[in-house]
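Undergrad: Got a structure here, written out as structure tokens. Questions coming.
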Amino acid sequence: MGRLSRPAAEVVSRPEKLSSAELEDLVAFAEVLVEGRTLTPAERGYLLEHIEDRTTRTPAYLSLYRAAVSTLDRLGGRRVASLEVQERIELVVRHRLAASEVRPEEDLGSFPEQTRSLRTKVVPDLIGGYYGSPAGWGAVGYETFPGRCGDLTRYVRPESS
Amino acid sequence: MEIDVCIVGAGAAGGVMAWELARRGVRVVVIESGPRHDFGQRGEYARRYLKHENPWRTPLSGVDRHTVGGTSLYGLEWRRVRGVGGSTLHWEGYAIRLHADDFRLRSLYGIADDWPISYQDLEPYYARAEKALGVAGADDDPWASPRSTPFPLPAFPFSYSDRLFAPTCRSLGIALHSLPQARNSVAYGGRPACQACGVCHACPTGAKASVDLTQIPEAEASGNARVLTEATVLRLEVDGSGQVSAAVYARPDKVERRLTARVFVLAAGAIETARLLLLSRSREFPDGLANRSGLAGKFFMSHPSAEVTGRSRENVHPYRIGFSTGMSRQFAVERGRTTRGAFFLEFMNSAGPTPERVAVASGQWGKALRKHVREEFGHRLGIRIYCEQLPARSNTVTLNTRVRDYFGSPVPHLNYNVGSYEQKALGDAKAVAEKILAAMGLTDIRSSGLMFAAHQIGTHRMGADPKTSVVDATLRAHDVTNLFLVGSGCFVTASASPPTLTIGALALRAAEHIAARLRHAGRVAPSAPPADGPIVPRQHENRTVARR
């Protein structure tokens with residue numbers, strides 16, 4: 001996962017937290033990115049926890065996320081959270097938003113810098129945040145995992161038995 | 001209170017020494033640069049660690065600043081901890097004795113130097129250190145040197161992946177045996193059995209020994225020991241007779257304070273102990289305290305390391321505990337040691353990427369991403385290699401006067417190179433690991449580049465000759481009769497073993513010597529130390545990590 005070594009300059013007049021609308025948009029984008037479907041409340045909770053953690057611990061993410069939401073809304077023509085899942089998927093496909101690597105000759109459209117930042121920083125961050133959470137361990141069949149204590153005898157046998 | 005012994009550093013060496021001295025009736029003050037980390041925060045620390053943050057990072061900006069040079073850049077981020085507990089706060093818990101041969105490389109192989117003590121000299125202290133820390137192990141290591149006592153705790157059972165390795169290792173004539181570790185396989189010393197939380201770097205239950213839990217509380221409870229935290233020693237002062245008279249330290253307010261004692265012990269880790277000697281220049285010691293040999297800061301060593309992994313068709317179920325349970329010491333003894341370093345193999349219980357890493361590296365998204373993570377996770381087995389490094393005079397810790405730390409002191413500069421002896425060991429070790437993985441039928445076998453363990457060794461080596469060493473066999477500085485330098489900096493050679501158990505054993509031995517000296521001088525009332533036994537921590541009983 002990409003790490004930011006130092007905070008970028010903040011927009012002074014903006015509040016230090018994402019607004020609920022910004023959060024909704026970011027999560028709406030993230031859920032098609034990480035699962036391609038509407039998340040359960042618990043799964044959404046993992047994403048929200050990750051986003052809050054990032055903005056609290058590494059202030060640079062606040063501006064990154066804000067720029068990402070703004071870019072998504074402009075690319076979609078309206079707020080991402082107002083789009084149906086299929087519409088969001090089509091938005092991602094249309095603008096190659098899930099491709100975190102940008103080819104040197106690639107045309108990044110009307111908002112090249114914002115789109116580059118979205119793809120190379122925000123997309124891997126959201127994917128990493130989600131799959132680093134219990135949701136990711138759940139995807140591989142683990143109910144207990146690093147950070148959640150459990151049964152010491154479990155490690156000596158295959159997971160299914 | 002009048003202070004008998006001032007110890008600088010509350011890590012493995014300082015913590016064990018404070019405990020041993022305090023229970024022998026010696027009045028001790030420990031000066032620790034870092035904070036006292038609240039055990040109740042361990043759950044949050046574990047969470048931070050899983051978010052790829054270093055939870056033990058010192059809160060004081062610039063205090064850990066350092067510079068690096070040489071052909072192999074050895075940075076200290078993530079490789080040491082300031083705070084009560086020192087690097088035992090983040091260590092893996094592997095508690096392996098050196099082999100008897102490790103003390104005699106010059107005599108046996110004509111390389112490096114012999115230690116001034118033998119394995120037999122240290123063996124009783126190894127036994128006591130194992131009991132104090134609570135080491136779990138089994139007598140299944142064919143290459144282990146003789147033991148006077150059994151391991152205090154039963155070994156952790158072999159893991160599922162160990163069992164996959166075992167038949168192939170057997171067929172290749174490689175012994176896979178249990179890996180001794182200072183981690184509770186059963187409840188011990190008032191600490192719970194390991195609960196498989198998988199974040200040993202910030203063990204949230206206290207099952208892994210760390211001296212903030214196992215020794216410091218007991219030392220303080222004796223009434224004979226006091227710990228000053230967030231107090232960084234800037235230099236030691238000497239009196240007209242050439243003895244250390246005071247430790248000059250500062251808190252974050254940068255105001256200098258002095259602490260006097262009869263005996264001083266530097267236990268600040270191999271880097272900071274050497275640095276403190278070099279910072280403590282005086283008319284008597286113009287090249288640094290206790291540095292008439294010119295060897296303070298010389299012969300810095302670590303353990304060059306690598307990982308070799310291969311892909312298994314079946315899921316091998318990694319990441320269910322945070323440590324490994326199987327190893328082989330077979331290649332750390334004898335073979336070829338005149339020309340290449342000893343190495344040992346750790347059979348990893350968790351090799352390969354986590355679901356997070358699989359996901360981020362996949363290039364997939366949506367439904368395909370989840371499917372990819374489910375299918376790709378858990379298919380890599382791995383072997384980690386630790387190599388012996390020979391002492392080289394050119395590997396050094398010096399002062400960089402152009403860069404200053406929080407207190408305005410010159411920072412340490414590490415000049416570090418890995419030579420042909422180590423490179424050959426790494427090459428041979430990788431070949432052995434690749435052979436094992438290939439024989440298991442694994443595919444896509446890959447070797448990592450050069451890595452380094454978080455072990456800093458050998459900057460104030462011990463020896464009988466003051467011209468070729470900094471401290472004697474009791475860890476007393478040759479040049480200063482009331483100064484002791486403990487920790488892995490005193491090692492003459494590095495072996496391939498993690499240093500912490502040996503640090504503890506040497507600290508116990510040195511503490512015994514200091515206490516005897518003080519008794520002989522009439523400074524401390526004669527008192528037999530209490531019988532050895534597990535330590536019952538007082539600060540963290542019945543606490544475990546909160547479940548998410």
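Starting from 1 in every chain, residues are counted up; chains themselves are A, B, ... following the order of the structure tokens, and ligands are numbered from 1 as listed.
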Within 12 Å of stretch 108-120 of chain A, counting only C-alpha atoms, which residues show up once you throw out same-chain ones fewer than 2 positions away? Write them as a compact mmCIF listing (two decimals) with N, CA, C and O atoms, in the first residue's frame, please.

TA:
# COMPACT_ATOMS: atom_id res chain seq x y z
N MET A 1 0.84 -1.19 0.00
CA MET A 1 0.00 0.00 0.00
C MET A 1 0.88 1.25 0.00
O MET A 1 1.86 1.31 0.71
N GLY A 2 0.50 2.22 -0.77
CA GLY A 2 1.29 3.43 -0.81
C GLY A 2 1.20 4.19 0.51
O GLY A 2 0.13 4.32 1.08
N ARG A 3 2.34 4.63 1.00
CA ARG A 3 2.33 5.42 2.22
C ARG A 3 2.73 6.84 1.91
O ARG A 3 3.59 7.08 1.07
N LEU A 26 -17.43 8.69 -1.16
CA LEU A 26 -16.21 7.89 -1.16
C LEU A 26 -16.53 6.41 -0.96
O LEU A 26 -15.98 5.53 -1.64
N PHE A 29 -18.12 4.83 -4.04
CA PHE A 29 -17.09 4.45 -5.01
C PHE A 29 -16.35 3.20 -4.54
O PHE A 29 -16.14 2.25 -5.30
N ALA A 30 -15.97 3.20 -3.26
CA ALA A 30 -15.16 2.10 -2.75
C ALA A 30 -15.89 0.78 -2.82
O ALA A 30 -15.29 -0.26 -3.11
N LEU A 33 -15.57 -0.76 -6.03
CA LEU A 33 -14.16 -1.07 -6.25
C LEU A 33 -13.76 -2.37 -5.55
O LEU A 33 -13.10 -3.23 -6.14
N TYR A 61 -4.32 12.64 3.71
CA TYR A 61 -5.41 11.87 3.11
C TYR A 61 -6.71 12.68 3.02
O TYR A 61 -7.55 12.40 2.17
N SER A 63 -7.16 15.76 2.08
CA SER A 63 -7.22 16.47 0.79
C SER A 63 -7.26 15.48 -0.37
O SER A 63 -7.92 15.72 -1.39
N LEU A 64 -6.57 14.36 -0.21
CA LEU A 64 -6.60 13.33 -1.26
C LEU A 64 -8.02 12.82 -1.46
O LEU A 64 -8.51 12.71 -2.58
N TYR A 65 -8.67 12.48 -0.36
CA TYR A 65 -10.03 11.95 -0.45
C TYR A 65 -10.98 13.00 -1.01
O TYR A 65 -11.85 12.70 -1.82
N ARG A 66 -10.81 14.23 -0.55
CA ARG A 66 -11.70 15.30 -1.02
C ARG A 66 -11.56 15.49 -2.53
O ARG A 66 -12.55 15.62 -3.25
N ALA A 67 -10.33 15.51 -2.97
CA ALA A 67 -10.09 15.67 -4.40
C ALA A 67 -10.68 14.50 -5.17
O ALA A 67 -11.24 14.66 -6.27
N ALA A 68 -10.57 13.31 -4.59
CA ALA A 68 -11.10 12.11 -5.25
C ALA A 68 -12.62 12.21 -5.40
O ALA A 68 -13.17 11.95 -6.48
N VAL A 69 -13.29 12.63 -4.34
CA VAL A 69 -14.75 12.76 -4.38
C VAL A 69 -15.16 13.80 -5.41
O VAL A 69 -16.07 13.58 -6.22
N SER A 70 -14.46 14.91 -5.40
CA SER A 70 -14.77 15.97 -6.35
C SER A 70 -14.59 15.48 -7.79
O SER A 70 -15.44 15.73 -8.66
N THR A 71 -13.52 14.76 -8.02
CA THR A 71 -13.25 14.23 -9.37
C THR A 71 -14.33 13.24 -9.78
O THR A 71 -14.84 13.26 -10.91
N LEU A 72 -14.69 12.36 -8.86
CA LEU A 72 -15.70 11.34 -9.17
C LEU A 72 -17.04 12.00 -9.50
O LEU A 72 -17.72 11.61 -10.46
N ASP A 73 -17.40 12.99 -8.70
CA ASP A 73 -18.68 13.67 -8.94
C ASP A 73 -18.70 14.35 -10.30
O ASP A 73 -19.70 14.33 -11.03
N ARG A 74 -17.56 14.94 -10.64
CA ARG A 74 -17.51 15.63 -11.94
C ARG A 74 -17.51 14.62 -13.09
O ARG A 74 -18.17 14.82 -14.10
N LEU A 75 -16.79 13.54 -12.92
CA LEU A 75 -16.77 12.52 -13.98
C LEU A 75 -18.15 11.87 -14.16
O LEU A 75 -18.56 11.54 -15.27
N VAL A 92 -16.62 3.51 -13.45
CA VAL A 92 -15.26 3.01 -13.21
C VAL A 92 -14.67 2.46 -14.51
O VAL A 92 -13.51 2.75 -14.87
N ARG A 94 -15.63 3.13 -17.64
CA ARG A 94 -15.51 4.16 -18.67
C ARG A 94 -14.22 4.98 -18.51
O ARG A 94 -13.56 5.30 -19.48
N HIS A 95 -13.87 5.26 -17.28
CA HIS A 95 -12.71 6.12 -17.03
C HIS A 95 -11.49 5.35 -16.50
O HIS A 95 -10.54 5.97 -16.05
N ARG A 96 -11.55 4.03 -16.56
CA ARG A 96 -10.44 3.17 -16.08
C ARG A 96 -10.01 3.56 -14.66
O ARG A 96 -8.83 3.59 -14.32
N LEU A 97 -10.97 3.84 -13.82
CA LEU A 97 -10.65 4.39 -12.49
C LEU A 97 -10.03 3.36 -11.55
O LEU A 97 -9.39 3.73 -10.56
N ALA A 98 -10.21 2.07 -11.83
CA ALA A 98 -9.67 1.05 -10.93
C ALA A 98 -8.24 0.66 -11.28
O ALA A 98 -7.62 -0.11 -10.56
N ALA A 99 -7.75 1.20 -12.37
CA ALA A 99 -6.38 0.83 -12.79
C ALA A 99 -5.39 1.73 -12.06
O ALA A 99 -5.24 2.91 -12.39
N SER A 100 -4.70 1.18 -11.08
CA SER A 100 -3.84 2.03 -10.25
C SER A 100 -2.52 2.35 -10.94
O SER A 100 -1.78 3.21 -10.48
N GLU A 101 -2.22 1.65 -12.01
CA GLU A 101 -1.02 2.02 -12.77
C GLU A 101 -1.43 2.86 -13.97
O GLU A 101 -2.38 2.53 -14.67
N VAL A 102 -0.70 3.93 -14.18
CA VAL A 102 -1.00 4.82 -15.30
C VAL A 102 0.12 4.69 -16.32
O VAL A 102 1.30 4.87 -16.00
N ARG A 103 -0.26 4.37 -17.54
CA ARG A 103 0.75 4.23 -18.60
C ARG A 103 1.24 5.62 -19.01
O ARG A 103 0.47 6.60 -18.98
N PRO A 104 2.49 5.71 -19.42
CA PRO A 104 3.05 7.05 -19.73
C PRO A 104 2.25 7.79 -20.80
O PRO A 104 2.07 9.00 -20.72
N GLU A 105 1.75 7.07 -21.80
CA GLU A 105 1.08 7.73 -22.92
C GLU A 105 -0.43 7.85 -22.69
O GLU A 105 -1.16 8.35 -23.56
N GLU A 106 -0.89 7.44 -21.54
CA GLU A 106 -2.33 7.33 -21.32
C GLU A 106 -3.01 8.70 -21.24
O GLU A 106 -2.51 9.62 -20.58
N VAL A 122 -5.56 6.87 -4.18
CA VAL A 122 -6.79 6.59 -3.44
C VAL A 122 -7.29 5.16 -3.70
O VAL A 122 -7.71 4.47 -2.76
N VAL A 123 -7.22 4.72 -4.95
CA VAL A 123 -7.72 3.37 -5.25
C VAL A 123 -6.95 2.29 -4.47
O VAL A 123 -7.56 1.48 -3.76
N PRO A 124 -5.60 2.26 -4.54
CA PRO A 124 -4.91 1.23 -3.75
C PRO A 124 -5.12 1.39 -2.25
O PRO A 124 -5.15 0.40 -1.51
N ASP A 125 -5.28 2.62 -1.81
CA ASP A 125 -5.51 2.85 -0.38
C ASP A 125 -6.84 2.25 0.06
O ASP A 125 -6.92 1.57 1.09
N LEU A 126 -7.87 2.48 -0.71
CA LEU A 126 -9.19 1.95 -0.33
C LEU A 126 -9.22 0.42 -0.43
O LEU A 126 -9.78 -0.25 0.44
N ILE A 127 -8.61 -0.10 -1.47
CA ILE A 127 -8.56 -1.56 -1.60
C ILE A 127 -7.77 -2.17 -0.43
O ILE A 127 -8.20 -3.13 0.20
N VAL B 360 -4.04 -5.48 -3.20
CA VAL B 360 -3.44 -4.26 -3.74
C VAL B 360 -2.58 -4.58 -4.96
O VAL B 360 -2.52 -3.81 -5.92
N GLY B 363 -4.25 -5.73 -9.27
CA GLY B 363 -4.73 -5.02 -10.45
C GLY B 363 -6.20 -5.32 -10.75
O GLY B 363 -6.72 -4.87 -11.76

Undergrad: Show me, as a tab-separated table (two decimals) with N, CA and C atoms, in the first residue's frame, the residues of chain A whose atoms get within 8 Å of chain B, using only C-alpha atoms for the distance check.

TA:
chain	number	residue	atom	x	y	z
A	1	MET	N	0.84	-1.19	0.00
A	1	MET	CA	0.00	0.00	0.00
A	1	MET	C	0.88	1.25	0.00
A	31	GLU	N	-17.19	0.79	-2.60
A	31	GLU	CA	-17.86	-0.52	-2.55
A	31	GLU	C	-17.91	-1.21	-3.91
A	32	VAL	N	-18.00	-0.45	-4.98
A	32	VAL	CA	-17.93	-1.13	-6.28
A	32	VAL	C	-16.48	-1.53	-6.58
A	33	LEU	N	-15.57	-0.76	-6.03
A	33	LEU	CA	-14.16	-1.07	-6.25
A	33	LEU	C	-13.76	-2.37	-5.55
A	34	VAL	N	-14.16	-2.54	-4.31
A	34	VAL	CA	-13.65	-3.67	-3.51
A	34	VAL	C	-14.50	-4.93	-3.64
A	35	GLU	N	-15.79	-4.76	-3.96
A	35	GLU	CA	-16.65	-5.95	-4.03
A	35	GLU	C	-17.54	-5.98	-5.27
A	36	GLY	N	-17.74	-4.83	-5.89
A	36	GLY	CA	-18.63	-4.78	-7.04
A	36	GLY	C	-20.09	-4.93	-6.66
A	37	ARG	N	-20.42	-4.58	-5.45
A	37	ARG	CA	-21.81	-4.69	-4.98
A	37	ARG	C	-22.00	-3.74	-3.80
A	98	ALA	N	-10.21	2.07	-11.83
A	98	ALA	CA	-9.67	1.05	-10.93
A	98	ALA	C	-8.24	0.66	-11.28
A	99	ALA	N	-7.75	1.20	-12.37
A	99	ALA	CA	-6.38	0.83	-12.79
A	99	ALA	C	-5.39	1.73	-12.06
A	100	SER	N	-4.70	1.18	-11.08
A	100	SER	CA	-3.84	2.03	-10.25
A	100	SER	C	-2.52	2.35	-10.94
A	124	PRO	N	-5.60	2.26	-4.54
A	124	PRO	CA	-4.91	1.23	-3.75
A	124	PRO	C	-5.12	1.39	-2.25
A	127	ILE	N	-8.61	-0.10	-1.47
A	127	ILE	CA	-8.56	-1.56	-1.60
A	127	ILE	C	-7.77	-2.17	-0.43
A	128	GLY	N	-6.63	-1.56	-0.12
A	128	GLY	CA	-5.82	-2.07	0.98
A	128	GLY	C	-6.53	-1.95	2.31
A	129	GLY	N	-7.18	-0.82	2.52
A	129	GLY	CA	-7.90	-0.61	3.78
A	129	GLY	C	-9.00	-1.64	3.97
A	130	TYR	N	-9.70	-1.93	2.91
A	130	TYR	CA	-10.81	-2.88	3.01
A	130	TYR	C	-10.29	-4.32	3.20
A	131	TYR	N	-9.34	-4.72	2.37
A	131	TYR	CA	-8.86	-6.11	2.48
A	131	TYR	C	-7.89	-6.30	3.64
A	132	GLY	N	-7.45	-5.22	4.27
A	132	GLY	CA	-6.69	-5.34	5.51
A	132	GLY	C	-7.59	-5.43	6.73
A	136	GLY	N	-11.41	-8.47	4.60
A	136	GLY	CA	-10.41	-9.16	3.79
A	136	GLY	C	-10.12	-10.55	4.31
A	137	TRP	N	-9.99	-10.66	5.63
A	137	TRP	CA	-9.74	-11.97	6.21
A	137	TRP	C	-10.96	-12.87	6.04
A	139	ALA	N	-12.86	-12.80	3.52
A	139	ALA	CA	-12.84	-13.25	2.12
A	139	ALA	C	-12.04	-14.52	1.94
A	140	VAL	N	-11.04	-14.74	2.81
A	140	VAL	CA	-10.23	-15.95	2.70
A	140	VAL	C	-10.64	-17.00	3.73
A	144	THR	N	-10.90	-15.57	12.73
A	144	THR	CA	-9.91	-14.88	13.57
A	144	THR	C	-8.65	-14.72	12.73
A	145	PHE	N	-7.90	-13.66	13.03
A	145	PHE	CA	-6.81	-13.23	12.14
A	145	PHE	C	-5.94	-12.27	12.92
A	146	PRO	N	-4.81	-11.86	12.36
A	146	PRO	CA	-3.94	-10.95	13.10
A	146	PRO	C	-4.69	-9.75	13.68
A	147	GLY	N	-4.58	-9.60	14.98
A	147	GLY	CA	-5.27	-8.52	15.68
A	147	GLY	C	-6.50	-9.00	16.43
A	148	ARG	N	-6.96	-10.20	16.10
A	148	ARG	CA	-8.10	-10.76	16.83
A	148	ARG	C	-7.66	-12.08	17.45
A	149	CYS	N	-7.60	-12.11	18.75
A	149	CYS	CA	-7.09	-13.29	19.44
A	149	CYS	C	-8.04	-14.46	19.27
A	150	GLY	N	-7.49	-15.66	19.38
A	150	GLY	CA	-8.33	-16.82	19.14
A	150	GLY	C	-7.81	-18.07	19.79
A	151	ASP	N	-7.87	-19.14	19.04
A	151	ASP	CA	-7.60	-20.48	19.55
A	151	ASP	C	-6.16	-20.86	19.19
A	152	LEU	N	-5.33	-21.10	20.20
A	152	LEU	CA	-3.93	-21.41	19.95
A	152	LEU	C	-3.73	-22.76	19.26
A	154	ARG	N	-5.44	-23.84	16.76
A	154	ARG	CA	-5.91	-23.79	15.38
A	154	ARG	C	-4.77	-23.90	14.37
A	155	TYR	N	-3.60	-23.34	14.72
A	155	TYR	CA	-2.54	-23.23	13.71
A	155	TYR	C	-1.88	-24.55	13.37
A	156	VAL	N	-2.19	-25.60	14.12
A	156	VAL	CA	-1.52	-26.87	13.86
A	156	VAL	C	-2.27	-27.73	12.84
A	157	ARG	N	-3.44	-27.30	12.44
A	157	ARG	CA	-4.23	-28.11	11.51
A	157	ARG	C	-4.70	-27.25	10.34
A	158	PRO	N	-5.13	-27.89	9.27
A	158	PRO	CA	-5.65	-27.10	8.16
A	158	PRO	C	-6.87	-26.32	8.59
A	159	GLU	N	-7.15	-25.25	7.93
A	159	GLU	CA	-8.21	-24.34	8.36
A	159	GLU	C	-9.59	-24.98	8.33

Undergrad: Do you know which residues are at most 6 Å from stretch 267-276 of chain B counting only C-alpha atoms, after dropping those on the same chain fewer than 3 positions away, and could you put them as a PDB file with C-alpha atoms, in the first residue's frame?

TA:
ATOM      1  CA  VAL B   8      21.275   3.676  31.382  1.00  0.00           C
ATOM      2  CA  GLY B   9      18.565   1.919  29.396  1.00  0.00           C
ATOM      3  CA  ALA B  13      20.118  -5.847  29.380  1.00  0.00           C
ATOM      4  CA  GLY B  14      19.173  -2.968  31.673  1.00  0.00           C
ATOM      5  CA  ARG B 235      27.165  12.030  28.576  1.00  0.00           C
ATOM      6  CA  LEU B 279      30.071  11.667  23.486  1.00  0.00           C
ATOM      7  CA  ALA B 296      34.505   1.853  21.035  1.00  0.00           C
ATOM      8  CA  GLY B 297      32.054   1.783  18.152  1.00  0.00           C
ATOM      9  CA  GLN B 456      22.785  -4.607  16.665  1.00  0.00           C
ATOM     10  CA  ILE B 457      25.884  -6.310  17.952  1.00  0.00           C
ATOM     11  CA  THR B 459      30.470  -2.130  19.358  1.00  0.00           C
ATOM     12  CA  VAL B 486      26.214  -4.626  28.875  1.00  0.00           C
ATOM     13  CA  GLY B 487      24.066  -5.766  25.985  1.00  0.00           C
ATOM     14  CA  GLY B 489      27.559  -4.620  22.038  1.00  0.00           C
TER      15      GLY B 489
END

Undergrad: Which residues in chain A does DSSP call helix (DSSP H, G or I)? List them as number ranges by chain.

TA: A: 20-34, 41-57, 60-76, 80-82, 85-94, 112-131, 134-139, 154-156

Undergrad: As number ranges by chain, please: the residues near stretch 405-416 of chain B (cut-off 9 Å, only C-alpha atoms, same-chain neighbours under 6 positions excluded).

TA: B: 60-75, 232, 234, 250, 252, 254, 271-272, 274-275, 279, 300-301, 394-399

Undergrad: Would you put the residues from that selection into a file with C-alpha atoms, as a PDB file, in the first residue's frame?

TA:
ATOM      1  CA  LEU B  60      10.258  12.943  20.783  1.00  0.00           C
ATOM      2  CA  SER B  61      11.043  14.206  17.316  1.00  0.00           C
ATOM      3  CA  GLY B  62      14.674  13.871  16.306  1.00  0.00           C
ATOM      4  CA  VAL B  63      15.838  11.837  19.261  1.00  0.00           C
ATOM      5  CA  ASP B  64      16.308   8.763  17.068  1.00  0.00           C
ATOM      6  CA  ARG B  65      18.014  10.621  14.251  1.00  0.00           C
ATOM      7  CA  HIS B  66      21.008   8.846  12.723  1.00  0.00           C
ATOM      8  CA  THR B  67      22.897   8.593   9.460  1.00  0.00           C
ATOM      9  CA  VAL B  68      24.086   5.571   7.513  1.00  0.00           C
ATOM     10  CA  GLY B  69      26.891   4.769   5.112  1.00  0.00           C
ATOM     11  CA  GLY B  70      28.807   1.862   3.625  1.00  0.00           C
ATOM     12  CA  THR B  71      27.714  -0.548   0.942  1.00  0.00           C
ATOM     13  CA  SER B  72      24.810  -1.975   2.961  1.00  0.00           C
ATOM     14  CA  LEU B  73      22.691   0.763   4.458  1.00  0.00           C
ATOM     15  CA  TYR B  74      21.568  -0.301   7.919  1.00  0.00           C
ATOM     16  CA  GLY B  75      18.834   2.072   9.064  1.00  0.00           C
ATOM     17  CA  THR B 232      18.036  10.862  27.893  1.00  0.00           C
ATOM     18  CA  LEU B 234      23.759  13.006  27.210  1.00  0.00           C
ATOM     19  CA  ALA B 250      17.918  15.767  30.106  1.00  0.00           C
ATOM     20  CA  PRO B 252      12.246  16.897  26.880  1.00  0.00           C
ATOM     21  CA  LYS B 254      16.408  20.000  27.551  1.00  0.00           C
ATOM     22  CA  ILE B 271      24.484   1.890  18.939  1.00  0.00           C
ATOM     23  CA  GLU B 272      23.657   4.253  21.782  1.00  0.00           C
ATOM     24  CA  ALA B 274      28.964   3.253  21.812  1.00  0.00           C
ATOM     25  CA  ARG B 275      27.674   6.720  21.022  1.00  0.00           C
ATOM     26  CA  LEU B 279      30.071  11.667  23.486  1.00  0.00           C
ATOM     27  CA  PHE B 300      29.474  -3.403  14.520  1.00  0.00           C
ATOM     28  CA  MET B 301      27.600  -6.521  13.367  1.00  0.00           C
ATOM     29  CA  SER B 394      35.501  -1.099   9.251  1.00  0.00           C
ATOM     30  CA  ASN B 395      31.886  -1.594  10.375  1.00  0.00           C
ATOM     31  CA  THR B 396      31.500   1.241  12.809  1.00  0.00           C
ATOM     32  CA  VAL B 397      29.367   3.516  14.896  1.00  0.00           C
ATOM     33  CA  THR B 398      30.877   6.984  14.952  1.00  0.00           C
ATOM     34  CA  LEU B 399      29.610  10.482  15.710  1.00  0.00           C
TER      35      LEU B 399
END

Undergrad: What gap, in Å, lies between atom CA of B:Pro499 and atom CA of B:His37?

TA: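 Separating atom CA of B:Pro499 from atom CA of B:His37 is a distance of 23.2 Å.
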
Undergrad: Among stretch 170-278 of chain B, which ones does DSSP assign to strand (DSSP E or B) (computed from the backbone)? Answer as an MDAnalysis selection string.

TA: chainID B and resid 177:178 181 183 188 191 208 225:228 232:238 244:250 256:260 263:266

Undergrad: Between A:Ala21, A:Ala28, A:Leu48, A:Leu62, which has the minimum distance to A:Leu91 (counting only C-alpha atoms)?

TA: A:Ala28

Undergrad: Please provide the set of residues having any atom within 9 Å of B:Trp19, restricted to only C-alpha atoms, with same-chain residues fewer than 5 positions apart removed, written as a list in words.

TA: Gly14, Arg24, Gln215, Ile216, Pro217, Glu218, Ala219, Glu220, Ser222 and Ala225 of chain B

Undergrad: For stretch 466-472 of chain B, work out the shell of residues within 8 Å, counting only C-alpha atoms and skipping chain neighbours fewer than 2 positions away, then give it as a list in words.

TA: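 These residues fall inside the cut-off: Pro116, Ala290, Asn291, Arg292, Ser293, Leu295, Ala296, His460, Arg461, Met462, Gly463, Ala464, Thr474, Leu475, Arg476, Ala477, His478, Asp479, Phe484, Leu485 and Cys490 of chain B.
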
Undergrad: Given the choices B:His303, B:Arg335, B:His520, B:His455, which gets closest to B:Leu108 if the distance is worked out from only C-alpha atoms?

TA: B:Arg335
